[in-house]
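Text of protein.cif (mmCIF, C-alpha atoms, pLDDT in the B column; chains and numbers go by the auth columns) as supplied:
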data_start
loop_
_atom_site.group_PDB
_atom_site.id
_atom_site.type_symbol
_atom_site.label_atom_id
_atom_site.label_comp_id
_atom_site.label_asym_id
_atom_site.label_seq_id
_atom_site.Cartn_x
_atom_site.Cartn_y
_atom_site.Cartn_z
_atom_site.B_iso_or_equiv
_atom_site.auth_seq_id
_atom_site.auth_asym_id
ATOM 1 C CA MET A 1 92.660 118.553 75.039 41.00 1 Q
ATOM 2 C CA ALA A 2 89.644 117.169 76.879 47.00 2 Q
ATOM 3 C CA ASP A 3 87.089 119.282 78.698 52.00 3 Q
ATOM 4 C CA ARG A 4 86.553 118.804 82.432 55.00 4 Q
ATOM 5 C CA LEU A 5 84.218 115.873 81.718 53.00 5 Q
ATOM 6 C CA GLY A 6 86.600 114.281 79.205 51.00 6 Q
ATOM 7 C CA ASN A 7 84.232 114.755 76.257 51.00 7 Q
ATOM 8 C CA HIS A 8 86.190 117.040 73.977 48.00 8 Q
ATOM 9 C CA ASN A 9 87.750 114.317 71.856 49.00 9 Q
ATOM 10 C CA LEU A 10 84.335 112.947 70.874 48.00 10 Q
ATOM 11 C CA SER A 11 83.583 116.065 68.855 49.00 11 Q
ATOM 12 C CA CYS A 12 86.891 117.829 68.166 49.00 12 Q
ATOM 13 C CA LYS A 13 87.504 118.243 64.442 53.00 13 Q
ATOM 14 C CA ARG A 14 91.211 117.624 65.041 51.00 14 Q
ATOM 15 C CA ASP A 15 90.668 114.419 67.038 53.00 15 Q
ATOM 16 C CA PRO A 16 92.295 111.542 65.162 50.00 16 Q
ATOM 17 C CA GLY A 17 89.511 109.222 66.393 54.00 17 Q
ATOM 18 C CA ARG A 18 86.903 110.953 64.220 58.00 18 Q
ATOM 19 C CA LEU A 19 88.208 109.528 60.956 74.00 19 Q
ATOM 20 C CA PRO A 20 88.180 105.869 62.044 81.00 20 Q
ATOM 21 C CA ARG A 21 84.620 106.240 63.436 81.00 21 Q
ATOM 22 C CA HIS A 22 83.473 107.809 60.177 85.00 22 Q
ATOM 23 C CA ALA A 23 85.234 105.164 58.079 91.00 23 Q
ATOM 24 C CA ALA A 24 83.746 102.379 60.215 91.00 24 Q
ATOM 25 C CA LEU A 25 80.207 103.714 59.715 90.00 25 Q
ATOM 26 C CA ASN A 26 80.688 103.806 55.967 94.00 26 Q
ATOM 27 C CA ASP A 27 82.307 100.380 55.917 95.00 27 Q
ATOM 28 C CA VAL A 28 79.327 98.871 57.753 93.00 28 Q
ATOM 29 C CA VAL A 29 76.898 100.412 55.261 95.00 29 Q
ATOM 30 C CA TYR A 30 79.031 99.352 52.283 97.00 30 Q
ATOM 31 C CA ARG A 31 79.315 95.749 53.531 96.00 31 Q
ATOM 32 C CA ALA A 32 75.593 95.545 54.352 95.00 32 Q
ATOM 33 C CA LEU A 33 74.728 96.786 50.866 96.00 33 Q
ATOM 34 C CA SER A 34 77.075 94.181 49.413 96.00 34 Q
ATOM 35 C CA SER A 35 75.448 91.431 51.508 93.00 35 Q
ATOM 36 C CA ALA A 36 72.082 92.566 50.155 94.00 36 Q
ATOM 37 C CA GLY A 37 73.430 92.284 46.590 95.00 37 Q
ATOM 38 C CA VAL A 38 73.596 96.039 46.051 96.00 38 Q
ATOM 39 C CA ALA A 39 76.795 97.331 44.435 97.00 39 Q
ATOM 40 C CA ALA A 40 78.062 100.641 45.814 97.00 40 Q
ATOM 41 C CA ILE A 41 81.015 103.010 45.627 95.00 41 Q
ATOM 42 C CA LEU A 42 82.574 104.829 48.563 95.00 42 Q
ATOM 43 C CA GLU A 43 83.686 108.448 48.093 91.00 43 Q
ATOM 44 C CA PRO A 44 82.247 108.800 44.568 90.00 44 Q
ATOM 45 C CA ARG A 45 84.126 111.209 42.324 85.00 45 Q
ATOM 46 C CA GLY A 46 82.280 113.852 40.316 79.00 46 Q
ATOM 47 C CA LEU A 47 79.337 114.002 42.688 75.00 47 Q
ATOM 48 C CA ASP A 48 79.927 117.042 44.855 66.00 48 Q
ATOM 49 C CA ARG A 49 77.564 119.618 46.326 64.00 49 Q
ATOM 50 C CA GLY A 50 79.271 122.436 44.462 68.00 50 Q
ATOM 51 C CA ASP A 51 81.717 123.119 47.285 71.00 51 Q
ATOM 52 C CA GLY A 52 84.018 120.157 46.710 71.00 52 Q
ATOM 53 C CA ARG A 53 82.325 118.013 49.351 78.00 53 Q
ATOM 54 C CA ARG A 54 80.662 114.826 48.257 87.00 54 Q
ATOM 55 C CA PRO A 55 78.521 112.139 49.855 92.00 55 Q
ATOM 56 C CA ASP A 56 80.263 109.194 51.485 94.00 56 Q
ATOM 57 C CA GLY A 57 78.791 106.630 49.134 95.00 57 Q
ATOM 58 C CA ILE A 58 76.382 105.850 46.339 96.00 58 Q
ATOM 59 C CA THR A 59 74.827 102.721 44.909 96.00 59 Q
ATOM 60 C CA ILE A 60 75.637 101.891 41.310 95.00 60 Q
ATOM 61 C CA TYR A 61 72.064 100.922 40.410 94.00 61 Q
ATOM 62 C CA PRO A 62 68.693 102.288 41.585 95.00 62 Q
ATOM 63 C CA PHE A 63 67.950 101.418 45.199 95.00 63 Q
ATOM 64 C CA THR A 64 64.418 102.731 45.771 91.00 64 Q
ATOM 65 C CA GLN A 65 61.821 104.458 43.629 89.00 65 Q
ATOM 66 C CA GLY A 66 64.090 104.314 40.570 93.00 66 Q
ATOM 67 C CA LYS A 67 66.810 106.373 42.262 94.00 67 Q
ATOM 68 C CA MET A 68 70.297 105.427 43.353 95.00 68 Q
ATOM 69 C CA LEU A 69 70.979 105.676 47.071 96.00 69 Q
ATOM 70 C CA ALA A 70 73.487 108.327 48.127 95.00 70 Q
ATOM 71 C CA TRP A 71 74.468 108.609 51.772 96.00 71 Q
ATOM 72 C CA ASP A 72 76.555 110.735 54.063 94.00 72 Q
ATOM 73 C CA ALA A 73 77.389 109.463 57.545 94.00 73 Q
ATOM 74 C CA THR A 74 78.245 111.233 60.753 90.00 74 Q
ATOM 75 C CA CYS A 75 78.740 110.384 64.404 88.00 75 Q
ATOM 76 C CA VAL A 76 77.460 113.205 66.594 84.00 76 Q
ATOM 77 C CA ASN A 77 78.575 113.735 70.188 78.00 77 Q
ATOM 78 C CA THR A 78 75.546 113.276 72.415 71.00 78 Q
ATOM 79 C CA LEU A 79 77.424 114.836 75.324 66.00 79 Q
ATOM 80 C CA GLY A 80 78.435 117.993 73.474 64.00 80 Q
ATOM 81 C CA SER A 81 77.201 121.253 74.958 59.00 81 Q
ATOM 82 C CA THR A 82 74.933 121.949 71.970 62.00 82 Q
ATOM 83 C CA HIS A 83 73.089 118.629 72.368 59.00 83 Q
ATOM 84 C CA LEU A 84 73.279 117.773 76.068 56.00 84 Q
ATOM 85 C CA ILE A 85 69.976 119.298 77.205 56.00 85 Q
ATOM 86 C CA ASP A 86 67.949 117.947 74.268 62.00 86 Q
ATOM 87 C CA CYS A 87 69.494 114.486 74.569 59.00 87 Q
ATOM 88 C CA ALA A 88 68.851 114.398 78.300 55.00 88 Q
ATOM 89 C CA THR A 89 65.118 114.665 77.623 60.00 89 Q
ATOM 90 C CA THR A 90 64.767 112.941 74.234 67.00 90 Q
ATOM 91 C CA ALA A 91 66.758 109.954 73.049 70.00 91 Q
ATOM 92 C CA GLY A 92 68.118 110.522 69.558 80.00 92 Q
ATOM 93 C CA ALA A 93 67.719 114.310 69.579 85.00 93 Q
ATOM 94 C CA ALA A 94 71.304 114.900 68.440 87.00 94 Q
ATOM 95 C CA ALA A 95 71.006 112.318 65.654 88.00 95 Q
ATOM 96 C CA ARG A 96 67.746 113.829 64.380 90.00 96 Q
ATOM 97 C CA SER A 97 69.259 117.318 64.467 89.00 97 Q
ATOM 98 C CA ALA A 98 72.361 116.169 62.550 89.00 98 Q
ATOM 99 C CA GLU A 99 70.124 114.366 60.063 94.00 99 Q
ATOM 100 C CA ALA A 100 68.147 117.554 59.378 93.00 100 Q
ATOM 101 C CA ARG A 101 71.385 119.516 58.824 91.00 101 Q
ATOM 102 C CA LYS A 102 72.667 116.910 56.370 92.00 102 Q
ATOM 103 C CA ARG A 103 69.366 116.905 54.449 93.00 103 Q
ATOM 104 C CA GLN A 104 69.608 120.681 54.122 92.00 104 Q
ATOM 105 C CA ARG A 105 73.262 120.564 52.993 89.00 105 Q
ATOM 106 C CA TYR A 106 72.506 117.920 50.376 89.00 106 Q
ATOM 107 C CA ALA A 107 69.092 119.253 49.250 88.00 107 Q
ATOM 108 C CA ASP A 108 70.154 119.516 45.590 86.00 108 Q
ATOM 109 C CA LEU A 109 71.527 115.990 45.584 84.00 109 Q
ATOM 110 C CA GLY A 110 68.346 114.757 47.234 79.00 110 Q
ATOM 111 C CA GLN A 111 66.342 115.683 44.149 83.00 111 Q
ATOM 112 C CA ARG A 112 68.329 113.364 41.860 88.00 112 Q
ATOM 113 C CA TYR A 113 69.164 110.587 44.330 92.00 113 Q
ATOM 114 C CA ASP A 114 67.533 108.851 47.269 94.00 114 Q
ATOM 115 C CA PHE A 115 69.717 110.742 49.754 93.00 115 Q
ATOM 116 C CA MET A 116 70.045 109.354 53.283 95.00 116 Q
ATOM 117 C CA PRO A 117 71.835 111.148 56.067 95.00 117 Q
ATOM 118 C CA LEU A 118 73.159 108.343 58.265 95.00 118 Q
ATOM 119 C CA THR A 119 73.611 109.630 61.782 93.00 119 Q
ATOM 120 C CA VAL A 120 74.551 107.862 64.966 91.00 120 Q
ATOM 121 C CA GLU A 121 75.127 109.361 68.379 86.00 121 Q
ATOM 122 C CA THR A 122 78.244 108.594 70.397 84.00 122 Q
ATOM 123 C CA THR A 123 75.943 106.808 72.873 82.00 123 Q
ATOM 124 C CA GLY A 124 74.821 104.456 70.075 85.00 124 Q
ATOM 125 C CA VAL A 125 71.387 105.856 69.206 88.00 125 Q
ATOM 126 C CA LEU A 126 70.733 105.831 65.463 92.00 126 Q
ATOM 127 C CA GLY A 127 68.986 108.564 63.540 94.00 127 Q
ATOM 128 C CA PRO A 128 65.646 107.676 61.916 94.00 128 Q
ATOM 129 C CA ALA A 129 67.053 107.367 58.364 95.00 129 Q
ATOM 130 C CA PHE A 130 69.868 105.056 59.519 94.00 130 Q
ATOM 131 C CA SER A 131 67.411 102.922 61.454 93.00 131 Q
ATOM 132 C CA ASP A 132 65.147 102.682 58.389 94.00 132 Q
ATOM 133 C CA LEU A 133 68.085 101.735 56.156 95.00 133 Q
ATOM 134 C CA ILE A 134 69.100 98.951 58.551 93.00 134 Q
ATOM 135 C CA LYS A 135 65.564 97.544 58.448 93.00 135 Q
ATOM 136 C CA THR A 136 65.492 97.702 54.647 93.00 136 Q
ATOM 137 C CA LEU A 137 68.918 96.100 54.291 94.00 137 Q
ATOM 138 C CA GLY A 138 68.076 93.418 56.855 91.00 138 Q
ATOM 139 C CA ARG A 139 64.957 92.509 54.871 92.00 139 Q
ATOM 140 C CA ARG A 140 66.888 92.463 51.575 93.00 140 Q
ATOM 141 C CA ILE A 141 69.669 90.325 53.046 92.00 141 Q
ATOM 142 C CA ARG A 142 67.114 87.883 54.449 91.00 142 Q
ATOM 143 C CA GLU A 143 65.336 87.697 51.052 91.00 143 Q
ATOM 144 C CA ARG A 144 68.631 87.211 49.199 91.00 144 Q
ATOM 145 C CA THR A 145 70.193 84.650 51.520 88.00 145 Q
ATOM 146 C CA GLY A 146 67.140 82.913 52.920 86.00 146 Q
ATOM 147 C CA GLU A 147 68.681 83.298 56.372 79.00 147 Q
ATOM 148 C CA LYS A 148 65.681 83.353 58.709 74.00 148 Q
ATOM 149 C CA ARG A 149 67.782 84.572 61.640 70.00 149 Q
ATOM 150 C CA GLU A 150 68.712 87.774 59.788 63.00 150 Q
ATOM 151 C CA LYS A 151 67.108 90.689 61.600 61.00 151 Q
ATOM 152 C CA SER A 152 64.897 93.104 59.695 49.00 152 Q
ATOM 153 C CA GLY A 153 65.513 96.019 62.032 47.00 153 Q
ATOM 154 C CA CYS A 154 66.983 97.280 65.208 44.00 154 Q
ATOM 155 C CA GLY A 155 63.827 97.938 67.206 43.00 155 Q
ATOM 156 C CA SER A 156 63.791 101.331 68.883 41.00 156 Q
ATOM 157 C CA GLY A 157 66.644 102.819 66.891 42.00 157 Q
ATOM 158 C CA SER A 158 69.437 101.945 69.300 41.00 158 Q
ATOM 159 C CA ALA A 159 72.622 100.438 67.947 41.00 159 Q
ATOM 160 C CA SER A 160 72.812 98.245 71.020 38.00 160 Q
ATOM 161 C CA GLN A 161 69.733 96.207 70.113 35.00 161 Q
#

Could you render the structure from this file as structure tokens?
Amino acid sequence: MADRLGNHNLSCKRDPGRLPRHAALNDVVYRALSSAGVAAILEPRGLDRGDGRRPDGITIYPFTQGKMLAWDATCVNTLGSTHLIDCATTAGAAARSAEARKRQRYADLGQRYDFMPLTVETTGVLGPAFSDLIKTLGRRIRERTGEKREKSGCGSGSASQ
């Protein structure tokens, strides 16, 4: 059931729309890695945090600094009551907050892997780690394909650019 502003479904854990958004984020990352020539696995088995939860994906070979990339994606509701005030004054506040929570949850994994929390707000603003990954993948795709029109980044961190 939606709240009086119609925002409830953007953040409700029982909303069926959450799973497709999450899957789409991971699919975009997986396909971009593939375009950059980086093999990856979605939902890797045997790599949990100790509570049965695992990252959304991992590269098969080292990605940066001799470590494989592991990522966990989330789409955070910018209009949710816990983020509304911060997001009204600072673009990307909800994404940065969600990113910090993910880094804390996956701290152990982050010591063995290059862990990236990939966060995007429902308004389209990307978290800093996601924005950095897009720039890195854009550069790698351009180097691999020679396509000069391939972008190396998304500018200010907005998905709409």

Figure out the distance between atom CA of Asp72 of chain Q and atom CA of Leu118 of chain Q, please, to one decimal in Å. 5.9 Å

By how many Å are atom CA of Gly92 of chain Q and atom CA of Leu126 of chain Q apart? 6.8 Å

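Those residues that approach Pro128 of chain Q to within 10 Å, counting all atoms listed in the file, are Gly92, Ala95, Arg96, Glu99, Met116, Pro117, Leu118, Thr119, Val120, Leu133, Ile134, Ser156 and Gly157 of chain Q; same-chain residues fewer than 5 positions away are not listed.
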
Between atom CA of Ala91 of chain Q and atom CA of Phe63 of chain Q, what is the spacing in Å? 29.2 Å

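Proximity of Q:Ala73, Q:Ala36, Q:Ile41, Q:Ile60 to Arg21 of chain Q, computed with only C-alpha atoms, is greatest for Q:Ala73.
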
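Distances from Q:Thr74, Q:Thr136, Q:Ser35, Q:Thr122 to Arg101 of chain Q were compared using all atoms listed in the file, and the smallest one belongs to Q:Thr74.
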
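Using all atoms listed in the file for every distance, the candidate list Q:Asp56, Q:Ser131, Q:Gly66, Q:Arg149 yields Q:Asp56 as the residue closest to Lys102 of chain Q.
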
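Across Q:Pro20, Q:Asp108, Q:Tyr113, Q:Val28, the tightest approach to Tyr61 of chain Q is made by Q:Tyr113 when counting all atoms listed in the file.
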
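Among the candidate residues Q:Gln111, Q:Ala40, Q:Val29, Q:Arg53, the one lying nearest to Gly138 of chain Q is Q:Val29, with distances computed using all atoms listed in the file.
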
Nearest-residue call for Gly124 of chain Q, choices Q:Val76, Q:Ala107, Q:Leu33, Q:Leu42, using only C-alpha atoms: Q:Val76

Exercise on segment 51-68 of chain Q, axis-aligned box with 6 Å per side, report centre and edge lengths in Å to one decimal, as lines of an AutoDock Vina configuration file:
center_x = 72.9
center_y = 112.0
center_z = 45.9
size_x = 34.2
size_y = 34.2
size_z = 23.1

Please provide the set of residues having any atom within 9 Å of Tyr106 of chain Q, restricted to only C-alpha atoms, with same-chain residues fewer than 6 positions apart removed, written as a PyMOL selection string. chain Q and resi 49+54-55+115+117
